[in-house]
Amino acid sequence: MAYVITAACVADSSCVDICPVDCIGPRPDDPAYDDTEQLYIDPAACIDCAACVDVCPVLAIYEAGALPLKWQHYAAINRQYFRESES
Amino acid sequence: MKAAAEWRVAVVGAGPAGLYATRHLLDQPELNFEVDVFERLPTPWGLVRAGVAPDRPEKKRIIERQFNLTLGDSRVQYFGNVEVGRDVRVAELQAWYDAVIYAVGASSDVRMGIPGEELPGCWAARQFVGWYNGHPDYSQLQFDLSCRRAVVVGNGNVALDVARILMQPLAALQSTDIAEHALVTLAASRIEEVVILGRRGHFQGAFHNPELEALAELPGVDVLVDADELPAANEVVMDGADWATRRKVRTLQQLAARPASGARKRIVLRFLTSPVEVLGADKVEQLLVVRNHLQHDARGRLQARPTEEESILDTGLVLRAIGYRSYPLSGLPFDERRGVIANLDGRVTEIPGAYVTGWSRRGSRGIIGNNKKCARDTVASLLADLQAGKLACATLTGKEVVNQLNNRAIDWVSYSDWLYLDRLECEAGCAQQRARAKLTSIEQMLSRLEERKAQLPKDY
């Protein structure tokens with residue numbers, strides 16, 4: 001199902017540091033990081049370990065099936081970030 | 001290198017930039033740092049307390065989940081209500097510590113530079129934000145919300161926050177930590193329309209997607225999009241834009257296609273429009289604006305250029321939200337052009353042992369977490385200088401700094417004092433079924449602490 005970062009994200013990047021499969025971006029040293037709106041999880045790479053959930057300072061990360069109503073569309077947004085922003 | 005590996009660093013500013021810098025220092029595996037955090041206000045957290053909108057409580061979770069752990073660390077001393085440049089001079093700090101990191105933010109702002117800007121009713125959005133968030137510098141301001149239309153100049157996230165707070169149903173704000181005085185004034189507001197002016201086009205909107213979507217979700221508010229030059233959904237012009245921009249333009253297209261519900265309140269997003277002159281006899285009555293067109297400048301960037309097409313908006317409230325600047329801190333070199341403390345890689349120009357991070361280093365760009373990387377890089381510069389033996393030795397211990405402040409009769413606020421104020425605010429909020437009832441003046445905060453001291457046993 002993958003985990004999803006929602007609009008609450010402040011781009012603190014603690015999740016990037018802890019992710020064992022490096023599926024969160026943009027990373028702080030990526031050019032896109034300085035002006036990014038938030039960070040995103042690549043659902044194709046996420047292994048559902050939930051390590052990011054606990055370190056997020058604002059609790060912005062949810063399991064895709066448990067997204068709050070107002071952020072339902074963020075599963076698609078996380079996916080699109082990796083599919084469309086690279087195209 | 002010191003044998004005991006004890007290094008004393010001062011951090012000036014207890015906002016995200018200063019606290020991330022403090023955390024990076026504490027996390028150095030081989031070096032033992034002690035950090036004294038100086039803050040101009042009695043209260044810590046900078047813009048997380050005074051900038052983040054009250055209807056965005058999730059962003060403030062960073063306080064208890066991270067910042068409290070940093071400021072409450074046994075290696076950290078907090079000196080609130082101490083203004084560097086006034087109570088303590090920069091040169092003194094530099095002598096007292098091995099190194100000083102300035103993280104003083106960007107508390108000045110960019111002016112529009114148009115006639116009439118000085119008229120009552122024309123404000124910096126920063127003032128309005130500080131006011132509704134109970135920042136002591138702005139709590140005494142009186143905003144007149146008796147007009148029908150407000151105009152926000154600029155369309156970045158601050159502009160959209162301000163528009164949203166003006167149009168948010170009162171019920172959505174009542175349970176938040178918004179300042180009591182703001183709640184009272186907003187309850188009597190007669191503003192029915194907020195016009196947001198962007199000088200460039202739909203593809204250059206400075207706002208982020210969540211802030212735009214939040215406008216669309218406001219109950220009882222129509223969002224009208226100036227659709228002139230907005231491309232149709234299927235136009236190829238979209239292909240050249242980055243993903244976040246395409247997402248924004250898609251939302252704008254959806255909003256433009258959404259029929260007005262006829263709600264009493266509305267937000268109008270105008271593009272390619274700049275203010276020309278604020279008009280009024282003794283207060284703001286109208287804003288003269290001009291239509292722009294886009295032109296590539298010499299560096300290939302799209303710039304807004306005015307056309308001949310001017311029009312007038314009747315309004316009693318103009319809020320400019322066109323960027324923040326840092327301010328010159330006495331004793332530190334200032335880069336007037338960039339509006340930041342002059343620095344190279346976070347090293348303050350020509351002052352050994354002085355560093356800068358956050359918005360006062362790189363300008364008002366980025367969100368809360370971007371300051372973590374910025375602080376990491378500044379601390380890396382500091383560590384390199386430390387390893388190279390370039391830092392002069394601190395002359396005072398932590399206890400001696402406390403004595404210095406006490407000798408100057410400075411009413412400094414400790415972390416324990418702040419925790420007491422924090423508890424008072426939370427308890428008062430709880431009683432009113434609100435997230436927090438903020439203390440909004442320094443006098444108020446200090447008198448609460450005086451009352452507490454009177455209750456404690458002597459010599460405590």
# chains A, B, ... in the order shown; residues from 1 in each chain; ligands from 1
>>> residues_around(residues="Val58 in chain A", least_positions_apart="6", cutoff="12 Å", atoms="only C-alpha atoms", output="MDAnalysis selection string")
(chainID A and resid 5:15 52) or (chainID B and resid 48 56:67 368:369)
>>> write_last_selection(atoms="N, CA and C atoms", output="PDB file, in the first residue's frame")
ATOM      1  N   ILE A   5       3.147  11.041   2.153  1.00  0.00           N
ATOM      2  CA  ILE A   5       3.403  12.304   2.861  1.00  0.00           C
ATOM      3  C   ILE A   5       2.335  13.320   2.454  1.00  0.00           C
ATOM      4  N   THR A   6       1.739  13.951   3.447  1.00  0.00           N
ATOM      5  CA  THR A   6       0.632  14.885   3.186  1.00  0.00           C
ATOM      6  C   THR A   6       1.105  16.342   3.248  1.00  0.00           C
ATOM      7  N   ALA A   7       0.167  17.234   3.033  1.00  0.00           N
ATOM      8  CA  ALA A   7       0.464  18.674   2.972  1.00  0.00           C
ATOM      9  C   ALA A   7       0.989  19.236   4.285  1.00  0.00           C
ATOM     10  N   ALA A   8       0.894  18.490   5.371  1.00  0.00           N
ATOM     11  CA  ALA A   8       1.430  18.987   6.642  1.00  0.00           C
ATOM     12  C   ALA A   8       2.953  19.045   6.636  1.00  0.00           C
ATOM     13  N   CYS A   9       3.575  18.358   5.685  1.00  0.00           N
ATOM     14  CA  CYS A   9       5.046  18.236   5.615  1.00  0.00           C
ATOM     15  C   CYS A   9       5.730  19.607   5.649  1.00  0.00           C
ATOM     16  N   VAL A  10       6.831  19.677   6.428  1.00  0.00           N
ATOM     17  CA  VAL A  10       7.619  20.909   6.467  1.00  0.00           C
ATOM     18  C   VAL A  10       9.012  20.701   5.865  1.00  0.00           C
ATOM     19  N   ALA A  11       9.224  19.560   5.190  1.00  0.00           N
ATOM     20  CA  ALA A  11      10.501  19.245   4.525  1.00  0.00           C
ATOM     21  C   ALA A  11      11.678  19.166   5.489  1.00  0.00           C
ATOM     22  N   ASP A  12      11.411  18.650   6.681  1.00  0.00           N
ATOM     23  CA  ASP A  12      12.447  18.526   7.716  1.00  0.00           C
ATOM     24  C   ASP A  12      13.488  17.475   7.346  1.00  0.00           C
ATOM     25  N   SER A  13      13.089  16.487   6.555  1.00  0.00           N
ATOM     26  CA  SER A  13      13.978  15.452   5.995  1.00  0.00           C
ATOM     27  C   SER A  13      14.479  14.407   6.977  1.00  0.00           C
ATOM     28  N   SER A  14      13.945  14.361   8.184  1.00  0.00           N
ATOM     29  CA  SER A  14      14.272  13.258   9.098  1.00  0.00           C
ATOM     30  C   SER A  14      13.883  11.925   8.460  1.00  0.00           C
ATOM     31  N   CYS A  15      12.804  11.943   7.682  1.00  0.00           N
ATOM     32  CA  CYS A  15      12.329  10.730   7.005  1.00  0.00           C
ATOM     33  C   CYS A  15      13.329  10.251   5.953  1.00  0.00           C
ATOM     34  N   CYS A  52       9.569   6.124   8.741  1.00  0.00           N
ATOM     35  CA  CYS A  52       9.403   7.565   8.536  1.00  0.00           C
ATOM     36  C   CYS A  52       8.287   8.149   9.392  1.00  0.00           C
TER      37      CYS A  52
ATOM     38  N   VAL B  48       7.274  29.653  13.940  1.00  0.00           N
ATOM     39  CA  VAL B  48       6.350  28.536  14.167  1.00  0.00           C
ATOM     40  C   VAL B  48       5.249  29.004  15.125  1.00  0.00           C
ATOM     41  N   ARG B  56      -3.410  26.038  11.037  1.00  0.00           N
ATOM     42  CA  ARG B  56      -2.466  25.007  10.579  1.00  0.00           C
ATOM     43  C   ARG B  56      -1.764  24.376  11.790  1.00  0.00           C
ATOM     44  N   PRO B  57      -2.551  23.829  12.740  1.00  0.00           N
ATOM     45  CA  PRO B  57      -1.928  23.353  13.987  1.00  0.00           C
ATOM     46  C   PRO B  57      -0.942  22.207  13.769  1.00  0.00           C
ATOM     47  N   GLU B  58      -1.134  21.419  12.696  1.00  0.00           N
ATOM     48  CA  GLU B  58      -0.251  20.259  12.509  1.00  0.00           C
ATOM     49  C   GLU B  58       1.208  20.678  12.337  1.00  0.00           C
ATOM     50  N   LYS B  59       1.433  21.847  11.711  1.00  0.00           N
ATOM     51  CA  LYS B  59       2.818  22.279  11.516  1.00  0.00           C
ATOM     52  C   LYS B  59       3.486  22.617  12.853  1.00  0.00           C
ATOM     53  N   LYS B  60       2.696  22.954  13.847  1.00  0.00           N
ATOM     54  CA  LYS B  60       3.256  23.340  15.149  1.00  0.00           C
ATOM     55  C   LYS B  60       3.629  22.129  16.000  1.00  0.00           C
ATOM     56  N   ARG B  61       3.298  20.930  15.513  1.00  0.00           N
ATOM     57  CA  ARG B  61       3.701  19.728  16.254  1.00  0.00           C
ATOM     58  C   ARG B  61       5.209  19.626  16.360  1.00  0.00           C
ATOM     59  N   ILE B  62       5.913  20.309  15.460  1.00  0.00           N
ATOM     60  CA  ILE B  62       7.374  20.260  15.501  1.00  0.00           C
ATOM     61  C   ILE B  62       7.897  20.814  16.825  1.00  0.00           C
ATOM     62  N   ILE B  63       7.110  21.649  17.482  1.00  0.00           N
ATOM     63  CA  ILE B  63       7.550  22.198  18.771  1.00  0.00           C
ATOM     64  C   ILE B  63       7.719  21.077  19.788  1.00  0.00           C
ATOM     65  N   GLU B  64       6.646  20.336  20.046  1.00  0.00           N
ATOM     66  CA  GLU B  64       6.791  19.304  21.084  1.00  0.00           C
ATOM     67  C   GLU B  64       7.563  18.080  20.626  1.00  0.00           C
ATOM     68  N   ARG B  65       7.532  17.817  19.303  1.00  0.00           N
ATOM     69  CA  ARG B  65       8.213  16.606  18.830  1.00  0.00           C
ATOM     70  C   ARG B  65       9.703  16.820  18.573  1.00  0.00           C
ATOM     71  N   GLN B  66      10.129  18.082  18.483  1.00  0.00           N
ATOM     72  CA  GLN B  66      11.538  18.305  18.175  1.00  0.00           C
ATOM     73  C   GLN B  66      12.154  19.489  18.927  1.00  0.00           C
ATOM     74  N   PHE B  67      11.556  20.675  18.780  1.00  0.00           N
ATOM     75  CA  PHE B  67      12.190  21.868  19.339  1.00  0.00           C
ATOM     76  C   PHE B  67      12.299  21.818  20.862  1.00  0.00           C
ATOM     77  N   ILE B 368       9.855  25.567   6.780  1.00  0.00           N
ATOM     78  CA  ILE B 368      10.493  25.321   8.077  1.00  0.00           C
ATOM     79  C   ILE B 368      11.711  24.391   7.957  1.00  0.00           C
ATOM     80  N   GLY B 369      11.502  23.230   7.324  1.00  0.00           N
ATOM     81  CA  GLY B 369      12.545  22.209   7.302  1.00  0.00           C
ATOM     82  C   GLY B 369      13.764  22.564   6.467  1.00  0.00           C
TER      83      GLY B 369
END
>>> residues_around(residues="Ala187 in chain B", least_positions_apart="4", cutoff="9 Å", atoms="only C-alpha atoms", output="PyMOL selection string")
chain B and resi 170+182-183
>>> closest_residue(among="B:Asp55, B:Glu118, B:Asp144, B:Asp177", to="chain A", atoms="only C-alpha atoms")
B:Asp55
>>> interface_residues(of="chain A", to="chain B", cutoff="10 Å", atoms="only C-alpha atoms", output="MDAnalysis selection string")
chainID A and resid 6:14 28:29 33:38 55:60 70:71 77 80:87
>>> write_last_selection(atoms="C-alpha atoms", output="CSV table (one decimal), in the first residue's frame")
chain,number,residue,atom,x,y,z
A,6,THR,CA,0.6,14.9,3.2
A,7,ALA,CA,0.5,18.7,3.0
A,8,ALA,CA,1.4,19.0,6.6
A,9,CYS,CA,5.0,18.2,5.6
A,10,VAL,CA,7.6,20.9,6.5
A,11,ALA,CA,10.5,19.2,4.5
A,12,ASP,CA,12.4,18.5,7.7
A,13,SER,CA,14.0,15.5,6.0
A,14,SER,CA,14.3,13.3,9.1
A,28,PRO,CA,18.3,17.9,0.9
A,29,ASP,CA,21.2,17.9,-1.5
A,33,TYR,CA,14.9,20.5,-2.4
A,34,ASP,CA,15.4,24.2,-1.7
A,35,ASP,CA,12.1,25.3,-3.3
A,36,THR,CA,10.1,22.1,-2.9
A,37,GLU,CA,6.6,22.4,-1.4
A,38,GLN,CA,7.1,19.2,0.6
A,55,VAL,CA,10.5,10.4,13.0
A,56,CYS,CA,8.3,12.9,11.2
A,57,PRO,CA,8.2,16.0,13.4
A,58,VAL,CA,4.8,17.0,12.3
A,59,LEU,CA,3.2,13.5,11.9
A,60,ALA,CA,2.6,14.2,8.2
A,70,LYS,CA,-8.9,16.2,3.4
A,71,TRP,CA,-5.7,14.5,2.2
A,77,ILE,CA,0.2,13.3,-5.6
A,80,GLN,CA,2.7,11.7,-9.6
A,81,TYR,CA,5.7,13.5,-8.1
A,82,PHE,CA,8.0,10.6,-9.1
A,83,ARG,CA,6.3,9.7,-12.4
A,84,GLU,CA,5.5,13.2,-13.7
A,85,SER,CA,8.3,15.4,-12.3
A,86,GLU,CA,10.9,13.2,-13.9
A,87,SER,CA,9.3,13.2,-17.3
>>> residues_around(residues="Ala2 in chain A", least_positions_apart="6", cutoff="12 Å", atoms="only C-alpha atoms", output="VMD selection string")
chain A and resid 23 to 24 40 to 53 61 to 67 74 to 76 78 to 79
>>> atom_distance(atom1="CA of Trp418 in chain B", atom2="CA of Ile178 in chain B")
19.0 Å
>>> atom_distance(atom1="CA of Val184 in chain B", atom2="CA of Ser441 in chain B")
17.0 Å
>>> atom_distance(atom1="CA of Thr185 in chain B", atom2="CA of Val221 in chain B")
19.4 Å
>>> residues_around(residues="range 317-334 of chain B", least_positions_apart="6", cutoff="7 Å", atoms="only C-alpha atoms", output="ChimeraX atom specification")
/B:85,90-91,105-110,121-125,150-154,158-159,284,340-342,349,360,363-364
>>> residues_around(residues="Gly134 in chain B", least_positions_apart="4", cutoff="10 Å", atoms="only C-alpha atoms", output="ChimeraX atom specification")
/B:49-51,128-130,138-140,177-182,437-441
>>> write_last_selection(atoms="N, CA and C atoms", output="compact mmCIF listing (two decimals), in the first residue's frame")
# COMPACT_ATOMS: atom_id res chain seq x y z
N ARG B 49 5.62 29.89 16.05
CA ARG B 49 4.61 30.47 16.94
C ARG B 49 3.95 31.70 16.32
N ALA B 50 4.74 32.55 15.66
CA ALA B 50 4.22 33.86 15.25
C ALA B 50 3.95 33.99 13.76
N GLY B 51 4.26 32.96 12.98
CA GLY B 51 4.05 33.06 11.54
C GLY B 51 3.07 32.03 11.01
N PHE B 128 0.05 42.11 9.93
CA PHE B 128 -1.24 41.47 10.12
C PHE B 128 -1.07 40.05 10.67
N VAL B 129 -0.09 39.33 10.13
CA VAL B 129 0.19 37.97 10.60
C VAL B 129 0.63 37.99 12.06
N GLY B 130 1.56 38.91 12.38
CA GLY B 130 2.04 39.04 13.76
C GLY B 130 0.90 39.38 14.70
N TYR B 138 3.25 43.35 17.53
CA TYR B 138 2.12 43.72 16.67
C TYR B 138 0.75 43.63 17.34
N SER B 139 0.75 43.17 18.58
CA SER B 139 -0.54 42.93 19.25
C SER B 139 -1.34 44.20 19.48
N GLN B 140 -0.65 45.35 19.55
CA GLN B 140 -1.36 46.59 19.84
C GLN B 140 -1.96 47.23 18.59
N ASP B 177 -5.24 28.67 18.30
CA ASP B 177 -4.46 29.52 19.20
C ASP B 177 -4.36 30.96 18.68
N ILE B 178 -5.27 31.36 17.81
CA ILE B 178 -5.29 32.74 17.31
C ILE B 178 -5.44 33.69 18.50
N ALA B 179 -4.81 34.87 18.39
CA ALA B 179 -4.88 35.83 19.50
C ALA B 179 -6.33 36.26 19.74
N GLU B 180 -6.67 36.39 21.01
CA GLU B 180 -8.03 36.78 21.40
C GLU B 180 -8.47 38.08 20.72
N HIS B 181 -7.56 39.09 20.71
CA HIS B 181 -7.93 40.38 20.11
C HIS B 181 -8.26 40.23 18.62
N ALA B 182 -7.58 39.30 17.94
CA ALA B 182 -7.84 39.09 16.52
C ALA B 182 -9.21 38.45 16.32
N ALA B 437 -4.38 29.91 24.72
CA ALA B 437 -4.71 31.33 24.80
C ALA B 437 -3.40 32.07 25.02
N LYS B 438 -2.91 32.70 23.95
CA LYS B 438 -1.57 33.28 24.00
C LYS B 438 -1.49 34.53 24.85
N LEU B 439 -0.38 34.64 25.57
CA LEU B 439 -0.02 35.91 26.19
C LEU B 439 0.55 36.76 25.06
N THR B 440 0.08 38.00 24.94
CA THR B 440 0.41 38.75 23.74
C THR B 440 1.25 40.00 23.98
N SER B 441 1.68 40.21 25.23
CA SER B 441 2.60 41.33 25.45
C SER B 441 3.71 40.88 26.39
>>> residues_around(residues="Val268 in chain B", least_positions_apart="2", cutoff="9 Å", atoms="only C-alpha atoms", output="list in words")
Glu193, Val194, Val195, Ile196, Leu197, Asp222, Val223, Leu224, Val225, Asp226, Arg266 and Arg270 of chain B
>>> residues_around(residues="Phe38 in chain B", least_positions_apart="3", cutoff="12 Å", atoms="only C-alpha atoms", output="PyMOL selection string")
chain B and resi 9-15+18-19+22+35+41-46+71+76-85+87-88+90+93+100-104+401-402+405+412-415
>>> select_by_dssp(residues="range 166-399 of chain B", states="strand (DSSP E)", output="VMD selection string")
chain B and resid 193 to 197 221 to 225 265 to 270 273 to 279 286 to 296 302 to 314 317 to 320 324 to 325 334 to 335 340 to 341 343 to 344 347 to 348 354 to 356
